[in-house]
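Engineer: Sharing data21.pdb here; it has PDB, C-alpha atoms.
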```
ATOM      1  CA  MET A   1     102.638  38.095  40.327
ATOM      2  CA  PRO A   2     104.463  38.828  37.056
ATOM      3  CA  GLU A   3     105.999  35.993  35.083
ATOM      4  CA  ILE A   4     109.759  35.654  35.401
ATOM      5  CA  ASP A   5     111.659  34.598  32.314
ATOM      6  CA  LEU A   6     113.530  31.331  32.676
ATOM      7  CA  LYS A   7     117.231  32.027  32.316
ATOM      8  CA  GLU A   8     120.286  29.874  32.215
ATOM      9  CA  GLU A   9     121.740  30.655  35.617
ATOM     10  CA  ARG A  10     123.763  29.015  38.345
ATOM     11  CA  ARG A  11     125.541  30.824  41.128
ATOM     12  CA  VAL A  12     129.117  29.992  41.926
ATOM     13  CA  LEU A  13     130.959  31.202  45.000
ATOM     14  CA  TRP A  14     134.599  32.189  44.995
ATOM     15  CA  TYR A  15     136.598  32.219  48.192
ATOM     16  CA  ALA A  16     139.776  34.066  49.100
ATOM     17  CA  SER A  17     142.652  32.000  50.491
ATOM     18  CA  ASP A  18     141.522  32.868  54.030
ATOM     19  CA  GLY A  19     138.092  31.305  53.406
ATOM     20  CA  LEU A  20     136.105  34.539  53.190
ATOM     21  CA  LYS A  21     133.467  34.881  50.474
ATOM     22  CA  VAL A  22     134.608  37.193  47.723
ATOM     23  CA  LYS A  23     132.144  37.099  44.846
ATOM     24  CA  VAL A  24     129.057  35.358  43.518
ATOM     25  CA  GLY A  25     128.997  34.749  39.767
ATOM     26  CA  CYS A  26     126.585  33.055  37.392
ATOM     27  CA  LEU A  27     126.955  30.062  35.083
ATOM     28  CA  GLY A  28     124.333  28.132  33.148
ATOM     29  CA  LYS A  29     121.414  26.386  34.874
ATOM     30  CA  PRO A  30     117.717  27.149  34.585
ATOM     31  CA  THR A  31     115.963  28.746  37.539
ATOM     32  CA  GLN A  32     112.312  28.286  38.461
ATOM     33  CA  GLN A  33     109.706  30.984  38.683
ATOM     34  CA  ARG A  34     109.934  32.438  42.143
ATOM     35  CA  GLY A  35     107.195  31.833  44.646
ATOM     36  CA  ILE A  36     107.110  32.805  48.279
ATOM     37  CA  SER A  37     110.572  33.103  49.796
ATOM     38  CA  MET A  38     111.367  30.523  52.477
ATOM     39  CA  ARG A  39     114.298  30.267  54.901
ATOM     40  CA  PHE A  40     115.706  27.032  56.254
ATOM     41  CA  THR A  41     118.458  26.146  58.694
ATOM     42  CA  ILE A  42     120.264  22.906  57.910
ATOM     43  CA  LYS A  43     122.214  21.279  60.755
ATOM     44  CA  THR A  44     125.129  19.431  59.159
ATOM     45  CA  SER A  45     128.129  17.289  59.891
ATOM     46  CA  GLY A  46     131.350  17.083  57.904
ATOM     47  CA  LEU A  47     132.027  20.779  57.298
ATOM     48  CA  MET A  48     135.690  21.300  58.229
ATOM     49  CA  CYS A  49     136.837  24.491  56.463
ATOM     50  CA  GLY A  50     135.936  27.286  54.060
ATOM     51  CA  HIS A  51     136.376  24.957  51.109
ATOM     52  CA  CYS A  52     133.809  22.566  52.594
ATOM     53  CA  ASP A  53     131.472  25.534  53.095
ATOM     54  CA  ALA A  54     131.894  26.548  49.448
ATOM     55  CA  THR A  55     131.277  23.005  48.198
ATOM     56  CA  VAL A  56     127.990  22.658  50.100
ATOM     57  CA  GLU A  57     126.856  26.196  49.219
ATOM     58  CA  THR A  58     127.487  25.580  45.512
ATOM     59  CA  ALA A  59     125.575  22.275  45.654
ATOM     60  CA  LEU A  60     122.601  24.020  47.290
ATOM     61  CA  LEU A  61     122.702  26.932  44.815
ATOM     62  CA  ASN A  62     122.433  24.374  42.008
ATOM     63  CA  VAL A  63     118.963  23.376  43.277
ATOM     64  CA  ALA A  64     116.380  25.222  41.167
ATOM     65  CA  GLY A  65     114.662  27.773  43.390
ATOM     66  CA  VAL A  66     117.500  28.238  45.908
ATOM     67  CA  THR A  67     118.522  31.905  45.912
ATOM     68  CA  ASP A  68     121.081  31.979  48.744
ATOM     69  CA  ALA A  69     123.101  29.537  50.842
ATOM     70  CA  ASP A  70     125.495  30.420  53.651
ATOM     71  CA  ALA A  71     127.403  27.557  55.276
ATOM     72  CA  ASP A  72     129.378  27.907  58.516
ATOM     73  CA  HIS A  73     131.767  25.078  59.392
ATOM     74  CA  GLU A  74     132.270  26.457  62.901
ATOM     75  CA  THR A  75     128.588  26.014  63.816
ATOM     76  CA  GLN A  76     127.933  23.133  61.359
ATOM     77  CA  THR A  77     124.890  24.961  59.946
ATOM     78  CA  VAL A  78     123.752  26.242  56.571
ATOM     79  CA  GLN A  79     121.240  29.065  56.176
ATOM     80  CA  VAL A  80     119.241  28.692  52.938
ATOM     81  CA  GLU A  81     116.812  31.055  51.237
ATOM     82  CA  CYS A  82     114.653  29.554  48.517
ATOM     83  CA  ALA A  83     111.301  29.539  46.762
ATOM     84  CA  ASP A  84     108.437  27.728  48.462
ATOM     85  CA  THR A  85     108.617  25.087  45.719
ATOM     86  CA  VAL A  86     111.904  23.711  47.106
ATOM     87  CA  THR A  87     111.456  20.657  49.335
ATOM     88  CA  VAL A  88     113.357  19.565  52.419
ATOM     89  CA  GLU A  89     114.270  16.399  50.521
ATOM     90  CA  GLN A  90     115.913  18.463  47.742
ATOM     91  CA  LEU A  91     117.971  20.421  50.277
ATOM     92  CA  THR A  92     119.018  17.238  52.087
ATOM     93  CA  ALA A  93     119.967  15.550  48.805
ATOM     94  CA  ALA A  94     122.037  18.564  47.728
ATOM     95  CA  VAL A  95     124.058  18.614  50.968
ATOM     96  CA  GLU A  96     124.664  14.877  50.931
ATOM     97  CA  GLY A  97     125.376  14.886  47.190
ATOM     98  CA  ALA A  98     128.119  17.490  47.666
ATOM     99  CA  GLY A  99     130.454  14.817  49.023
ATOM    100  CA  GLU A 100     130.418  11.591  51.000
ATOM    101  CA  LYS A 101     131.586  13.325  54.196
ATOM    102  CA  PHE A 102     128.724  15.856  54.233
ATOM    103  CA  HIS A 103     125.465  14.970  56.016
ATOM    104  CA  ALA A 104     122.264  16.910  56.642
ATOM    105  CA  LEU A 105     121.232  15.998  60.191
ATOM    106  CA  SER A 106     118.087  18.168  60.239
ATOM    107  CA  VAL A 107     116.337  20.821  58.158
ATOM    108  CA  THR A 108     114.083  23.317  59.932
ATOM    109  CA  ALA A 109     112.154  26.372  58.769
ATOM    110  CA  ALA A 110     113.884  29.497  60.043
TER
END
```
Please go through the file and, once you have read it, give me the structure as structure tokens.
Structural biologist:
Amino acid sequence: MPEIDLKEERRVLWYASDGLKVKVGCLGKPTQQRGISMRFTIKTSGLMCGHCDATVETALLNVAGVTDADADHETQTVQVECADTVTVEQLTAAVEGAGEKFHALSVTAA
């Protein structure tokens, strides 16, 4: 596997006023070298709207090794794609650190 240069990168999601995702941009935060891609489903509580979705997604994207996060307040789930170096504890901490009303009830491999 070729080495991947460490870059200053952090993904930020922008939402339209109707709550639909519009664009993903990048700001500064180092990423880790990518390993095997993993998918997780996080069952949550506290997601009420598109803004809540964006807040949790941004928190998860700030975890080094997370490459995609898609929250859905209607189903109270978040789909996460990440490197195999990311732990369940890191994902749980990111969701719960996004705000006091957000809770990760379970994290399962998808």
Engineer: Could you tell me how far atom CA of Asp84 of chain A sits from atom CA of Gly97 of chain A, in Å to one decimal place?
Structural biologist: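 Interatomic distance here is 21.3 Å.
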Engineer: Interatomic distance between atom CA of Ala93 of chain A and atom CA of Ala110 of chain A?
Structural biologist: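 Straight-line distance from atom CA of Ala93 of chain A to atom CA of Ala110 of chain A works out to 18.9 Å.
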Engineer: Could you tell me which residues the PyMOL selection byres ((chain A and resi 105) around 7) grabs in this file, written as a PDB file with C-alpha atoms, keeping the file's coordinate frame?
Structural biologist:
```pdb
ATOM      1  CA  LYS A  43     122.214  21.279  60.755  1.00  0.00           C
ATOM      2  CA  THR A  44     125.129  19.431  59.159  1.00  0.00           C
ATOM      3  CA  HIS A 103     125.465  14.970  56.016  1.00  0.00           C
ATOM      4  CA  ALA A 104     122.264  16.910  56.642  1.00  0.00           C
ATOM      5  CA  SER A 106     118.087  18.168  60.239  1.00  0.00           C
TER       6      SER A 106
END
```
Engineer: To test your reading of the syntax: which residues would the PyMOL selection byres ((chain A and resi 107) around 6) return for the file shown? Reply as a ChimeraX atom specification.
Structural biologist: /A:41-42,106,108
Engineer: For the file shown, report as a ChimeraX atom specification the outcome of the PyMOL selection byres ((chain A and resi 53) around 10) at residue level.
Structural biologist: /A:13,15,19,21,46-52,54-58,69-74,76-78
Engineer: Restricting the output to C-alpha atoms, write the selected residues as a short mmCIF file (atom, residue, chain, number, x, y, z; two decimals), keeping the file's coordinate frame.
Structural biologist:
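Output saved as selection08.cif:
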```
data_model
loop_
_atom_site.label_atom_id
_atom_site.label_comp_id
_atom_site.auth_asym_id
_atom_site.auth_seq_id
_atom_site.Cartn_x
_atom_site.Cartn_y
_atom_site.Cartn_z
CA LEU A 13 130.96 31.20 45.00
CA TYR A 15 136.60 32.22 48.19
CA GLY A 19 138.09 31.30 53.41
CA LYS A 21 133.47 34.88 50.47
CA GLY A 46 131.35 17.08 57.90
CA LEU A 47 132.03 20.78 57.30
CA MET A 48 135.69 21.30 58.23
CA CYS A 49 136.84 24.49 56.46
CA GLY A 50 135.94 27.29 54.06
CA HIS A 51 136.38 24.96 51.11
CA CYS A 52 133.81 22.57 52.59
CA ALA A 54 131.89 26.55 49.45
CA THR A 55 131.28 23.00 48.20
CA VAL A 56 127.99 22.66 50.10
CA GLU A 57 126.86 26.20 49.22
CA THR A 58 127.49 25.58 45.51
CA ALA A 69 123.10 29.54 50.84
CA ASP A 70 125.50 30.42 53.65
CA ALA A 71 127.40 27.56 55.28
CA ASP A 72 129.38 27.91 58.52
CA HIS A 73 131.77 25.08 59.39
CA GLU A 74 132.27 26.46 62.90
CA GLN A 76 127.93 23.13 61.36
CA THR A 77 124.89 24.96 59.95
CA VAL A 78 123.75 26.24 56.57
#
```
Engineer: Tell me which of A:Gly99, A:Ala94, A:Asn62, A:Arg39 sits closest to Glu81 of chain A, counting all atoms listed in the file.
Structural biologist: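 Ranking A:Gly99, A:Ala94, A:Asn62, A:Arg39 by distance to Glu81 of chain A, first place goes to A:Arg39.
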Engineer: Padding 4 Å on each side, edges along x, y and z: where is the centre of the box around the listed atoms of segment 66-78 of chain A, and how long are its edges in Å to one decimal? Output it as JSON.
Structural biologist:
```
{"center_x": 124.9, "center_y": 27.6, "center_z": 54.9, "size_x": 22.8, "size_y": 16.8, "size_z": 25.9}
```
Engineer: Quick one: pull the distance between atom CA of Asp68 of chain A and atom CA of Ala83 of chain A, Å, one decimal.
Structural biologist: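 Rounded to one decimal, the two atoms are 10.3 Å apart.
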Engineer: Determine the nearest neighbour of Phe102 of chain A from the options A:Cys82, A:Glu89, A:Val66, A:Ser45, counting only C-alpha atoms.
Structural biologist: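 Result for the nearest residue to Phe102 of chain A: A:Ser45.
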Engineer: Given only C-alpha atoms as the basis, pick out the residue of A:Phe40, A:Ala59, A:Ala109, A:Ala64 nearest to Thr85 of chain A.
Structural biologist: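 Looking only at the distances to Thr85 of chain A, the closest residue turns out to be A:Ala64.
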